[in-house]
$ cat target22.cif   # mmCIF, N, CA and C atoms and all ligand atoms
data_input
loop_
_atom_site.label_atom_id
_atom_site.label_comp_id
_atom_site.auth_asym_id
_atom_site.auth_seq_id
_atom_site.Cartn_x
_atom_site.Cartn_y
_atom_site.Cartn_z
N MET K 246 -127.56 25.88 12.83
CA MET K 246 -128.45 26.87 13.45
C MET K 246 -129.07 26.27 14.70
N LYS K 247 -129.08 27.08 15.73
CA LYS K 247 -129.65 26.59 16.98
C LYS K 247 -131.17 26.65 16.91
N ARG K 248 -131.76 25.92 17.79
CA ARG K 248 -133.23 25.81 17.80
C ARG K 248 -133.90 27.17 18.02
N ARG K 249 -133.36 27.96 18.95
CA ARG K 249 -133.95 29.26 19.26
C ARG K 249 -133.88 30.20 18.05
N GLY K 250 -132.76 30.18 17.35
CA GLY K 250 -132.59 31.01 16.15
C GLY K 250 -133.54 30.59 15.04
N PHE K 251 -133.71 29.27 14.92
CA PHE K 251 -134.62 28.75 13.89
C PHE K 251 -136.06 29.21 14.16
N ILE K 252 -136.49 29.15 15.38
CA ILE K 252 -137.85 29.57 15.73
C ILE K 252 -138.02 31.07 15.52
N LYS K 253 -137.00 31.84 15.89
CA LYS K 253 -137.07 33.30 15.70
C LYS K 253 -137.25 33.65 14.23
N LYS K 254 -136.42 33.01 13.38
CA LYS K 254 -136.51 33.27 11.94
C LYS K 254 -137.87 32.84 11.40
N GLY K 255 -138.35 31.71 11.85
CA GLY K 255 -139.66 31.23 11.41
C GLY K 255 -140.77 32.20 11.77
N LEU K 256 -140.73 32.70 13.01
CA LEU K 256 -141.76 33.66 13.43
C LEU K 256 -141.65 34.96 12.65
N LEU K 257 -140.41 35.38 12.36
CA LEU K 257 -140.20 36.61 11.60
C LEU K 257 -140.78 36.47 10.19
N TRP K 258 -140.51 35.35 9.54
CA TRP K 258 -141.04 35.12 8.19
C TRP K 258 -142.56 35.01 8.21
N ALA K 259 -143.08 34.35 9.22
CA ALA K 259 -144.54 34.22 9.34
C ALA K 259 -145.18 35.59 9.49
N SER K 260 -144.54 36.48 10.26
CA SER K 260 -145.11 37.83 10.44
C SER K 260 -145.01 38.63 9.13
N TYR K 261 -143.93 38.42 8.34
CA TYR K 261 -143.83 39.09 7.03
C TYR K 261 -144.97 38.66 6.11
N VAL K 262 -145.18 37.36 6.05
CA VAL K 262 -146.22 36.83 5.16
C VAL K 262 -147.60 37.32 5.61
N LEU K 263 -147.86 37.24 6.90
CA LEU K 263 -149.16 37.67 7.42
C LEU K 263 -149.36 39.17 7.21
N GLY K 264 -148.31 39.96 7.47
CA GLY K 264 -148.40 41.41 7.28
C GLY K 264 -148.64 41.77 5.82
N SER K 265 -147.95 41.10 4.92
CA SER K 265 -148.14 41.36 3.48
C SER K 265 -149.56 41.02 3.06
N ALA K 266 -150.06 39.91 3.56
CA ALA K 266 -151.42 39.50 3.18
C ALA K 266 -152.44 40.51 3.70
N VAL K 267 -152.23 41.01 4.89
CA VAL K 267 -153.17 41.98 5.48
C VAL K 267 -153.20 43.25 4.64
N PHE K 268 -152.03 43.71 4.18
CA PHE K 268 -152.00 44.94 3.38
C PHE K 268 -152.39 44.70 1.92
N ALA K 269 -152.08 43.54 1.38
CA ALA K 269 -152.34 43.30 -0.04
C ALA K 269 -153.79 42.91 -0.31
N TYR K 270 -154.44 42.28 0.63
CA TYR K 270 -155.79 41.78 0.37
C TYR K 270 -156.77 42.86 -0.07
N PRO K 271 -156.89 43.99 0.63
CA PRO K 271 -157.86 45.00 0.17
C PRO K 271 -157.56 45.51 -1.24
N ALA K 272 -156.30 45.73 -1.55
CA ALA K 272 -155.96 46.24 -2.88
C ALA K 272 -156.25 45.20 -3.95
N LEU K 273 -155.86 43.97 -3.71
CA LEU K 273 -156.10 42.92 -4.71
C LEU K 273 -157.58 42.63 -4.88
N SER K 274 -158.31 42.62 -3.80
CA SER K 274 -159.75 42.34 -3.93
C SER K 274 -160.44 43.47 -4.67
N PHE K 275 -160.00 44.71 -4.47
CA PHE K 275 -160.60 45.84 -5.18
C PHE K 275 -160.33 45.74 -6.68
N MET K 276 -159.09 45.38 -7.03
CA MET K 276 -158.72 45.34 -8.45
C MET K 276 -159.29 44.13 -9.18
N SER K 277 -159.35 42.99 -8.51
CA SER K 277 -159.69 41.78 -9.24
C SER K 277 -161.16 41.40 -9.16
N PHE K 278 -161.86 41.83 -8.14
CA PHE K 278 -163.24 41.38 -7.99
C PHE K 278 -164.24 42.50 -8.25
N ARG K 279 -163.82 43.54 -8.94
CA ARG K 279 -164.73 44.66 -9.20
C ARG K 279 -165.78 44.20 -10.20
N LYS K 280 -166.99 44.23 -9.77
CA LYS K 280 -168.08 43.76 -10.60
C LYS K 280 -168.74 44.94 -11.28
N ILE K 281 -168.73 44.94 -12.61
CA ILE K 281 -169.36 46.02 -13.35
C ILE K 281 -170.73 45.52 -13.80
N THR K 282 -171.73 46.22 -13.37
CA THR K 282 -173.09 45.86 -13.79
C THR K 282 -173.65 46.99 -14.64
N LYS K 283 -174.52 46.62 -15.52
CA LYS K 283 -175.15 47.61 -16.39
C LYS K 283 -176.63 47.71 -16.05
N ARG K 284 -177.11 48.93 -16.14
CA ARG K 284 -178.51 49.20 -15.82
C ARG K 284 -179.09 49.97 -16.99
N LYS K 285 -180.28 49.57 -17.39
CA LYS K 285 -180.92 50.22 -18.53
C LYS K 285 -182.01 51.16 -18.03
N VAL K 286 -181.99 52.40 -18.50
CA VAL K 286 -183.04 53.36 -18.16
C VAL K 286 -183.71 53.76 -19.46
N VAL K 287 -185.01 53.60 -19.52
CA VAL K 287 -185.76 53.90 -20.75
C VAL K 287 -186.67 55.09 -20.51
N PHE K 288 -186.54 56.10 -21.35
CA PHE K 288 -187.43 57.26 -21.31
C PHE K 288 -188.47 57.06 -22.41
N ARG K 289 -189.71 56.80 -22.02
CA ARG K 289 -190.79 56.63 -22.98
C ARG K 289 -191.14 58.01 -23.56
N PRO K 290 -191.81 58.04 -24.71
CA PRO K 290 -192.12 59.34 -25.33
C PRO K 290 -192.85 60.31 -24.39
N ASP K 291 -193.73 59.79 -23.53
CA ASP K 291 -194.42 60.70 -22.60
C ASP K 291 -193.50 61.22 -21.49
N GLU K 292 -192.32 60.63 -21.36
CA GLU K 292 -191.35 61.10 -20.36
C GLU K 292 -190.30 62.00 -20.99
N GLN K 293 -190.52 62.38 -22.24
CA GLN K 293 -189.55 63.23 -22.96
C GLN K 293 -190.16 64.59 -23.30
N GLN K 294 -191.25 64.94 -22.65
CA GLN K 294 -191.98 66.15 -23.02
C GLN K 294 -191.22 67.43 -22.66
N SER K 295 -190.58 67.45 -21.50
CA SER K 295 -189.89 68.67 -21.04
C SER K 295 -188.52 68.78 -21.68
N THR K 296 -187.91 69.95 -21.55
CA THR K 296 -186.54 70.14 -22.02
C THR K 296 -185.58 69.30 -21.21
N VAL K 297 -185.87 69.14 -19.91
CA VAL K 297 -185.03 68.32 -19.04
C VAL K 297 -185.91 67.34 -18.28
N ASN K 298 -185.54 66.08 -18.36
CA ASN K 298 -186.31 65.02 -17.70
C ASN K 298 -185.36 64.22 -16.81
N LEU K 299 -185.80 63.92 -15.60
CA LEU K 299 -184.97 63.16 -14.67
C LEU K 299 -185.61 61.80 -14.41
N LYS K 300 -184.78 60.77 -14.52
CA LYS K 300 -185.27 59.42 -14.19
C LYS K 300 -184.10 58.58 -13.70
N GLU K 301 -184.24 58.01 -12.55
CA GLU K 301 -183.25 57.08 -11.97
C GLU K 301 -181.82 57.60 -12.05
N GLY K 302 -181.61 58.85 -11.71
CA GLY K 302 -180.26 59.40 -11.66
C GLY K 302 -179.71 59.83 -13.01
N ILE K 303 -180.57 59.89 -14.02
CA ILE K 303 -180.15 60.31 -15.35
C ILE K 303 -180.98 61.52 -15.78
N TYR K 304 -180.30 62.56 -16.24
CA TYR K 304 -181.01 63.69 -16.84
C TYR K 304 -181.00 63.50 -18.36
N LEU K 305 -182.17 63.54 -18.95
CA LEU K 305 -182.29 63.51 -20.40
C LEU K 305 -182.66 64.92 -20.84
N THR K 306 -181.75 65.56 -21.57
CA THR K 306 -182.04 66.92 -22.03
C THR K 306 -182.38 66.87 -23.51
N LYS K 307 -183.20 67.82 -23.91
CA LYS K 307 -183.68 67.82 -25.30
C LYS K 307 -183.54 69.23 -25.86
N GLU K 308 -182.90 69.33 -27.02
CA GLU K 308 -182.84 70.60 -27.74
C GLU K 308 -183.24 70.30 -29.17
N GLY K 309 -184.43 70.70 -29.53
CA GLY K 309 -184.95 70.34 -30.85
C GLY K 309 -185.21 68.85 -30.88
N ASP K 310 -184.59 68.16 -31.83
CA ASP K 310 -184.73 66.71 -31.90
C ASP K 310 -183.53 65.99 -31.29
N ASP K 311 -182.57 66.75 -30.80
CA ASP K 311 -181.36 66.15 -30.23
C ASP K 311 -181.52 65.89 -28.74
N PHE K 312 -181.12 64.69 -28.34
CA PHE K 312 -181.15 64.31 -26.93
C PHE K 312 -179.74 64.19 -26.39
N CYS K 313 -179.61 64.39 -25.10
CA CYS K 313 -178.33 64.20 -24.43
C CYS K 313 -178.64 63.60 -23.06
N ALA K 314 -177.93 62.55 -22.71
CA ALA K 314 -178.13 61.93 -21.40
C ALA K 314 -176.94 62.28 -20.52
N LEU K 315 -177.24 62.79 -19.34
CA LEU K 315 -176.20 63.22 -18.40
C LEU K 315 -176.43 62.55 -17.05
N SER K 316 -175.34 62.23 -16.40
CA SER K 316 -175.44 61.72 -15.04
C SER K 316 -175.91 62.84 -14.13
N ALA K 317 -176.81 62.53 -13.22
CA ALA K 317 -177.30 63.53 -12.28
C ALA K 317 -176.39 63.66 -11.06
N ARG K 318 -175.24 62.97 -11.10
CA ARG K 318 -174.28 63.03 -9.98
C ARG K 318 -173.27 64.13 -10.22
N CYS K 319 -173.11 64.96 -9.24
CA CYS K 319 -172.11 66.03 -9.31
C CYS K 319 -170.72 65.41 -9.38
N THR K 320 -169.86 65.99 -10.21
CA THR K 320 -168.52 65.43 -10.38
C THR K 320 -167.57 65.83 -9.25
N HIS K 321 -168.05 66.60 -8.30
CA HIS K 321 -167.21 66.94 -7.15
C HIS K 321 -167.23 65.79 -6.15
N LEU K 322 -168.33 65.63 -5.42
CA LEU K 322 -168.41 64.55 -4.43
C LEU K 322 -169.64 63.67 -4.59
N GLY K 323 -170.34 63.84 -5.70
CA GLY K 323 -171.40 62.89 -6.02
C GLY K 323 -172.80 63.22 -5.55
N CYS K 324 -173.06 64.43 -5.13
CA CYS K 324 -174.44 64.79 -4.75
C CYS K 324 -175.33 64.80 -5.99
N THR K 325 -176.61 64.62 -5.77
CA THR K 325 -177.57 64.65 -6.87
C THR K 325 -177.90 66.10 -7.22
N LEU K 326 -177.77 66.41 -8.51
CA LEU K 326 -177.97 67.79 -8.96
C LEU K 326 -179.44 68.12 -9.09
N ASN K 327 -179.75 69.38 -8.93
CA ASN K 327 -181.10 69.88 -9.17
C ASN K 327 -181.07 70.71 -10.45
N TYR K 328 -182.17 70.66 -11.19
CA TYR K 328 -182.26 71.48 -12.39
C TYR K 328 -183.05 72.74 -12.07
N ASP K 329 -182.47 73.90 -12.39
CA ASP K 329 -183.15 75.17 -12.20
C ASP K 329 -183.75 75.60 -13.52
N ILE K 330 -185.07 75.56 -13.58
CA ILE K 330 -185.77 75.82 -14.83
C ILE K 330 -185.62 77.28 -15.28
N VAL K 331 -185.42 78.21 -14.35
CA VAL K 331 -185.30 79.63 -14.68
C VAL K 331 -183.94 79.92 -15.33
N SER K 332 -182.87 79.48 -14.69
CA SER K 332 -181.53 79.75 -15.24
C SER K 332 -181.11 78.70 -16.26
N ARG K 333 -181.89 77.62 -16.38
CA ARG K 333 -181.58 76.50 -17.29
C ARG K 333 -180.19 75.93 -16.99
N ARG K 334 -179.96 75.68 -15.71
CA ARG K 334 -178.67 75.14 -15.28
C ARG K 334 -178.90 74.07 -14.22
N PHE K 335 -177.88 73.22 -14.08
CA PHE K 335 -177.90 72.22 -13.02
C PHE K 335 -177.11 72.77 -11.85
N ASN K 336 -177.74 72.76 -10.68
CA ASN K 336 -177.10 73.28 -9.47
C ASN K 336 -176.88 72.16 -8.47
N CYS K 337 -175.72 72.16 -7.87
CA CYS K 337 -175.44 71.18 -6.83
C CYS K 337 -175.83 71.77 -5.47
N PRO K 338 -176.69 71.09 -4.72
CA PRO K 338 -177.12 71.63 -3.43
C PRO K 338 -176.04 71.51 -2.34
N CYS K 339 -175.01 70.71 -2.58
CA CYS K 339 -174.02 70.47 -1.52
C CYS K 339 -172.99 71.58 -1.41
N HIS K 340 -172.29 71.88 -2.49
CA HIS K 340 -171.22 72.88 -2.43
C HIS K 340 -171.35 73.93 -3.52
N GLY K 341 -172.43 73.92 -4.27
CA GLY K 341 -172.74 75.01 -5.17
C GLY K 341 -172.15 74.95 -6.57
N SER K 342 -171.71 73.80 -7.04
CA SER K 342 -171.23 73.73 -8.43
C SER K 342 -172.40 73.94 -9.39
N ILE K 343 -172.09 74.55 -10.52
CA ILE K 343 -173.13 74.84 -11.52
C ILE K 343 -172.68 74.30 -12.87
N PHE K 344 -173.60 73.67 -13.59
CA PHE K 344 -173.33 73.10 -14.91
C PHE K 344 -174.40 73.61 -15.87
N ASP K 345 -174.03 73.76 -17.14
CA ASP K 345 -175.03 74.21 -18.11
C ASP K 345 -175.83 73.01 -18.63
N LEU K 346 -176.71 73.27 -19.55
CA LEU K 346 -177.63 72.24 -20.05
C LEU K 346 -176.90 71.11 -20.79
N SER K 347 -175.70 71.39 -21.31
CA SER K 347 -174.95 70.34 -21.99
C SER K 347 -174.04 69.57 -21.02
N GLY K 348 -174.07 69.95 -19.73
CA GLY K 348 -173.26 69.27 -18.74
C GLY K 348 -171.90 69.92 -18.52
N LYS K 349 -171.67 71.04 -19.18
CA LYS K 349 -170.38 71.71 -19.05
C LYS K 349 -170.30 72.42 -17.70
N TRP K 350 -169.18 72.22 -17.02
CA TRP K 350 -168.96 72.85 -15.72
C TRP K 350 -168.83 74.36 -15.89
N LEU K 351 -169.53 75.12 -15.07
CA LEU K 351 -169.48 76.57 -15.14
C LEU K 351 -168.79 77.19 -13.93
N SER K 352 -169.13 76.72 -12.74
CA SER K 352 -168.48 77.26 -11.54
C SER K 352 -168.61 76.29 -10.39
N GLY K 353 -167.86 76.57 -9.32
CA GLY K 353 -167.91 75.73 -8.12
C GLY K 353 -166.73 74.79 -8.05
N PRO K 354 -166.70 73.99 -6.99
CA PRO K 354 -165.53 73.13 -6.75
C PRO K 354 -165.43 71.89 -7.64
N ALA K 355 -166.44 71.59 -8.45
CA ALA K 355 -166.43 70.33 -9.21
C ALA K 355 -165.29 70.25 -10.24
N LYS K 356 -165.07 71.27 -11.05
CA LYS K 356 -164.00 71.35 -12.05
C LYS K 356 -164.13 70.44 -13.27
N LYS K 357 -164.97 69.42 -13.20
CA LYS K 357 -165.15 68.51 -14.36
C LYS K 357 -166.57 68.63 -14.87
N ASN K 358 -166.73 68.40 -16.18
CA ASN K 358 -168.06 68.38 -16.77
C ASN K 358 -168.83 67.16 -16.27
N LEU K 359 -170.14 67.20 -16.41
CA LEU K 359 -170.95 66.05 -16.05
C LEU K 359 -170.66 64.90 -17.00
N ASP K 360 -170.82 63.69 -16.51
CA ASP K 360 -170.59 62.50 -17.36
C ASP K 360 -171.72 62.38 -18.36
N ARG K 361 -171.33 62.31 -19.65
CA ARG K 361 -172.32 62.07 -20.70
C ARG K 361 -172.48 60.56 -20.86
N ILE K 362 -173.69 60.15 -21.09
CA ILE K 362 -173.98 58.73 -21.20
C ILE K 362 -174.54 58.46 -22.58
N LEU K 363 -174.02 57.40 -23.18
CA LEU K 363 -174.46 57.03 -24.52
C LEU K 363 -175.94 56.65 -24.51
N LEU K 364 -176.66 57.14 -25.49
CA LEU K 364 -178.08 56.81 -25.56
C LEU K 364 -178.43 56.28 -26.93
N THR K 365 -179.54 55.57 -26.99
CA THR K 365 -180.03 55.01 -28.25
C THR K 365 -181.49 55.41 -28.41
N LYS K 366 -181.78 55.94 -29.58
CA LYS K 366 -183.19 56.28 -29.86
C LYS K 366 -183.81 55.10 -30.60
N LYS K 367 -184.85 54.55 -30.03
CA LYS K 367 -185.51 53.37 -30.60
C LYS K 367 -186.57 53.78 -31.62
N ALA K 368 -186.95 52.84 -32.46
CA ALA K 368 -187.94 53.11 -33.51
C ALA K 368 -189.31 53.49 -32.94
N ASN K 369 -189.63 52.96 -31.76
CA ASN K 369 -190.93 53.29 -31.14
C ASN K 369 -190.92 54.63 -30.39
N GLY K 370 -189.79 55.35 -30.46
CA GLY K 370 -189.70 56.67 -29.82
C GLY K 370 -189.05 56.64 -28.46
N ASP K 371 -188.81 55.47 -27.91
CA ASP K 371 -188.14 55.38 -26.61
C ASP K 371 -186.68 55.83 -26.74
N VAL K 372 -186.17 56.41 -25.69
CA VAL K 372 -184.74 56.72 -25.61
C VAL K 372 -184.17 55.83 -24.52
N GLU K 373 -183.21 55.00 -24.91
CA GLU K 373 -182.64 54.02 -23.99
C GLU K 373 -181.24 54.45 -23.58
N VAL K 374 -181.00 54.45 -22.30
CA VAL K 374 -179.70 54.84 -21.76
C VAL K 374 -179.16 53.65 -20.96
N VAL K 375 -177.93 53.25 -21.25
CA VAL K 375 -177.33 52.15 -20.50
C VAL K 375 -176.24 52.72 -19.61
N VAL K 376 -176.40 52.50 -18.33
CA VAL K 376 -175.48 53.05 -17.33
C VAL K 376 -174.67 51.93 -16.72
N GLU K 377 -173.34 52.13 -16.65
CA GLU K 377 -172.48 51.18 -15.96
C GLU K 377 -172.34 51.62 -14.52
N ILE K 378 -172.48 50.65 -13.63
CA ILE K 378 -172.38 50.97 -12.20
C ILE K 378 -171.08 50.43 -11.66
S1 LIG K 401 -170.81 67.62 -4.40
FE1 LIG K 401 -171.43 69.05 -5.87
S2 LIG K 401 -170.19 70.73 -5.51
FE2 LIG K 401 -169.57 69.32 -4.03
#

$ encode --input "target22.cif" --output "structure tokens" --more "lines below"
Ligand code: FES
Amino acid sequence: MKRRGFIKKGLLWASYVLGSAVFAYPALSFMSFRKITKRKVVFRPDEQQSTVNLKEGIYLTKEGDDFCALSARCTHLGCTLNYDIVSRRFNCPCHGSIFDLSGKWLSGPAKKNLDRILLTKKANGDVEVVVEI
């Protein structure tokens, strides 16, 4: 192999390696370095008085003695939902999706129910919700 051909091949291989690294790095870093953190939200008994209570992006709904924790993020594009006390529904101010009190999707572009979050009722009356971010 002549010197010129050797250099050409070397540069070609170097560009392949560099190009692959440029395209692969974002995908690999997203998959391998995703850090999952947990956040605890506690609803004290005085914060459970209403049928629907909002705290730190979590809606705690109450029907009788049963509690349900729902994400306050719309499943369409992530806007924060508002609770309408008259219609007893969650309304999205961005594109108009509507969810019922149990988080079930009723209308609008969202198409998915609200995310339910596991909760724990403590002996002192606190309701603890652990959210993964
Ligand atoms: S973000 Fe809620 S409907 Fe689009």

$ residues_near_ligand --input "target22.cif" --ligand "ligand LIG 401 (chain K)" --cutoff "6 Å" --atoms "all atoms listed in the file" --output "VMD selection string"
chain K and resid 319 to 324 337 to 342 353 to 355

$ atom_distance --input "target22.cif" --atom1 "atom N of Arg333 of chain K" --atom2 "atom N of Leu346 of chain K"
7.5 Å

$ atom_distance --input "target22.cif" --atom1 "atom N of Asp371 of chain K" --atom2 "atom C of Ala317 of chain K"
22.5 Å

$ select_by_dssp --input "target22.cif" --residues "segment 264-324 of chain K" --states "alpha helix (DSSP H)" --output "list in words"
Gly264, Ser265, Ala266, Val267, Phe268, Ala269, Tyr270, Pro271, Ala272, Leu273, Ser274, Phe275, Met276 and Ser277 of chain K

$ select_by_dssp --input "target22.cif" --residues "segment 259-357 of chain K" --states "strand (DSSP E or B)" --output "PyMOL selection string"
chain K and resi 283-288+297-300+303-308+311-316+318+325+327-329+334-336+343-344+350-352

$ closest_residue --input "target22.cif" --among "K:Trp350, K:Tyr328, K:Phe344, K:Tyr261" --to "Val297 of chain K" --atoms "all atoms listed in the file"
K:Tyr328

$ closest_residue --input "target22.cif" --among "K:Thr306, K:Thr325, K:Thr365, K:Gln293" --to "Ser347 of chain K" --atoms "only N, CA and C atoms"
K:Thr306

$ atom_distance --input "target22.cif" --atom1 "atom CA of Val376 of chain K" --atom2 "atom C of Asn358 of chain K"
15.6 Å

$ residues_around --input "target22.cif" --residues "Glu308 of chain K" --least-positions-apart "2" --cutoff "8 Å" --atoms "all atoms listed in the file" --output "list in words"
Ser295, Thr296, Val297, Leu305, Thr306, Asp310, Asp311, Phe312 and Cys313 of chain K

$ closest_residue --input "target22.cif" --among "K:Ile303, K:Leu351, K:Val375, K:Ile252" --to "Arg284 of chain K" --atoms "only N, CA and C atoms"
K:Val375

$ closest_residue --input "target22.cif" --among "K:Gly348, K:Pro271, K:Gly255, K:Pro290" --to "Lys367 of chain K" --atoms "only C-alpha atoms"
K:Pro290

$ closest_residue --input "target22.cif" --among "K:Asp345, K:Asp360, K:Glu377, K:Asp329" --to "Lys283 of chain K" --atoms "only N, CA and C atoms"
K:Glu377

$ decode --input "target22.cif" --residues "segment 307-325 of chain K" --atoms "N, CA and C atoms" --output "PDB file, in the first residue's frame"
ATOM      1  N   LYS K 307     -60.080  12.526  47.998  1.00  0.00           N
ATOM      2  CA  LYS K 307     -60.646  11.768  49.116  1.00  0.00           C
ATOM      3  C   LYS K 307     -62.115  11.496  48.831  1.00  0.00           C
ATOM      4  N   GLU K 308     -62.495  10.226  48.934  1.00  0.00           N
ATOM      5  CA  GLU K 308     -63.906   9.857  48.844  1.00  0.00           C
ATOM      6  C   GLU K 308     -64.197   8.961  50.035  1.00  0.00           C
ATOM      7  N   GLY K 309     -64.892   9.492  50.998  1.00  0.00           N
ATOM      8  CA  GLY K 309     -65.105   8.755  52.241  1.00  0.00           C
ATOM      9  C   GLY K 309     -63.783   8.634  52.968  1.00  0.00           C
ATOM     10  N   ASP K 310     -63.375   7.406  53.255  1.00  0.00           N
ATOM     11  CA  ASP K 310     -62.082   7.190  53.897  1.00  0.00           C
ATOM     12  C   ASP K 310     -61.001   6.791  52.902  1.00  0.00           C
ATOM     13  N   ASP K 311     -61.370   6.693  51.634  1.00  0.00           N
ATOM     14  CA  ASP K 311     -60.409   6.273  50.610  1.00  0.00           C
ATOM     15  C   ASP K 311     -59.683   7.472  50.013  1.00  0.00           C
ATOM     16  N   PHE K 312     -58.369   7.319  49.899  1.00  0.00           N
ATOM     17  CA  PHE K 312     -57.538   8.348  49.295  1.00  0.00           C
ATOM     18  C   PHE K 312     -56.997   7.858  47.962  1.00  0.00           C
ATOM     19  N   CYS K 313     -56.711   8.802  47.093  1.00  0.00           N
ATOM     20  CA  CYS K 313     -56.091   8.490  45.813  1.00  0.00           C
ATOM     21  C   CYS K 313     -55.115   9.623  45.506  1.00  0.00           C
ATOM     22  N   ALA K 314     -53.902   9.265  45.143  1.00  0.00           N
ATOM     23  CA  ALA K 314     -52.906  10.285  44.794  1.00  0.00           C
ATOM     24  C   ALA K 314     -52.724  10.280  43.283  1.00  0.00           C
ATOM     25  N   LEU K 315     -52.843  11.455  42.698  1.00  0.00           N
ATOM     26  CA  LEU K 315     -52.728  11.600  41.244  1.00  0.00           C
ATOM     27  C   LEU K 315     -51.683  12.657  40.909  1.00  0.00           C
ATOM     28  N   SER K 316     -50.980  12.420  39.833  1.00  0.00           N
ATOM     29  CA  SER K 316     -50.054  13.434  39.355  1.00  0.00           C
ATOM     30  C   SER K 316     -50.858  14.613  38.822  1.00  0.00           C
ATOM     31  N   ALA K 317     -50.403  15.815  39.121  1.00  0.00           N
ATOM     32  CA  ALA K 317     -51.089  17.012  38.634  1.00  0.00           C
ATOM     33  C   ALA K 317     -50.634  17.394  37.231  1.00  0.00           C
ATOM     34  N   ARG K 318     -49.811  16.534  36.612  1.00  0.00           N
ATOM     35  CA  ARG K 318     -49.317  16.800  35.253  1.00  0.00           C
ATOM     36  C   ARG K 318     -50.244  16.181  34.234  1.00  0.00           C
ATOM     37  N   CYS K 319     -50.639  16.967  33.284  1.00  0.00           N
ATOM     38  CA  CYS K 319     -51.480  16.476  32.189  1.00  0.00           C
ATOM     39  C   CYS K 319     -50.693  15.455  31.381  1.00  0.00           C
ATOM     40  N   THR K 320     -51.367  14.384  30.978  1.00  0.00           N
ATOM     41  CA  THR K 320     -50.679  13.324  30.238  1.00  0.00           C
ATOM     42  C   THR K 320     -50.496  13.666  28.763  1.00  0.00           C
ATOM     43  N   HIS K 321     -50.963  14.820  28.344  1.00  0.00           N
ATOM     44  CA  HIS K 321     -50.731  15.239  26.958  1.00  0.00           C
ATOM     45  C   HIS K 321     -49.322  15.818  26.828  1.00  0.00           C
ATOM     46  N   LEU K 322     -49.112  17.026  27.323  1.00  0.00           N
ATOM     47  CA  LEU K 322     -47.793  17.649  27.215  1.00  0.00           C
ATOM     48  C   LEU K 322     -47.245  18.141  28.547  1.00  0.00           C
ATOM     49  N   GLY K 323     -47.908  17.762  29.632  1.00  0.00           N
ATOM     50  CA  GLY K 323     -47.318  18.012  30.940  1.00  0.00           C
ATOM     51  C   GLY K 323     -47.707  19.295  31.644  1.00  0.00           C
ATOM     52  N   CYS K 324     -48.721  19.991  31.194  1.00  0.00           N
ATOM     53  CA  CYS K 324     -49.157  21.200  31.911  1.00  0.00           C
ATOM     54  C   CYS K 324     -49.747  20.809  33.266  1.00  0.00           C
ATOM     55  N   THR K 325     -49.721  21.746  34.190  1.00  0.00           N
ATOM     56  CA  THR K 325     -50.303  21.497  35.507  1.00  0.00           C
ATOM     57  C   THR K 325     -51.809  21.687  35.447  1.00  0.00           C
TER      58      THR K 325
END
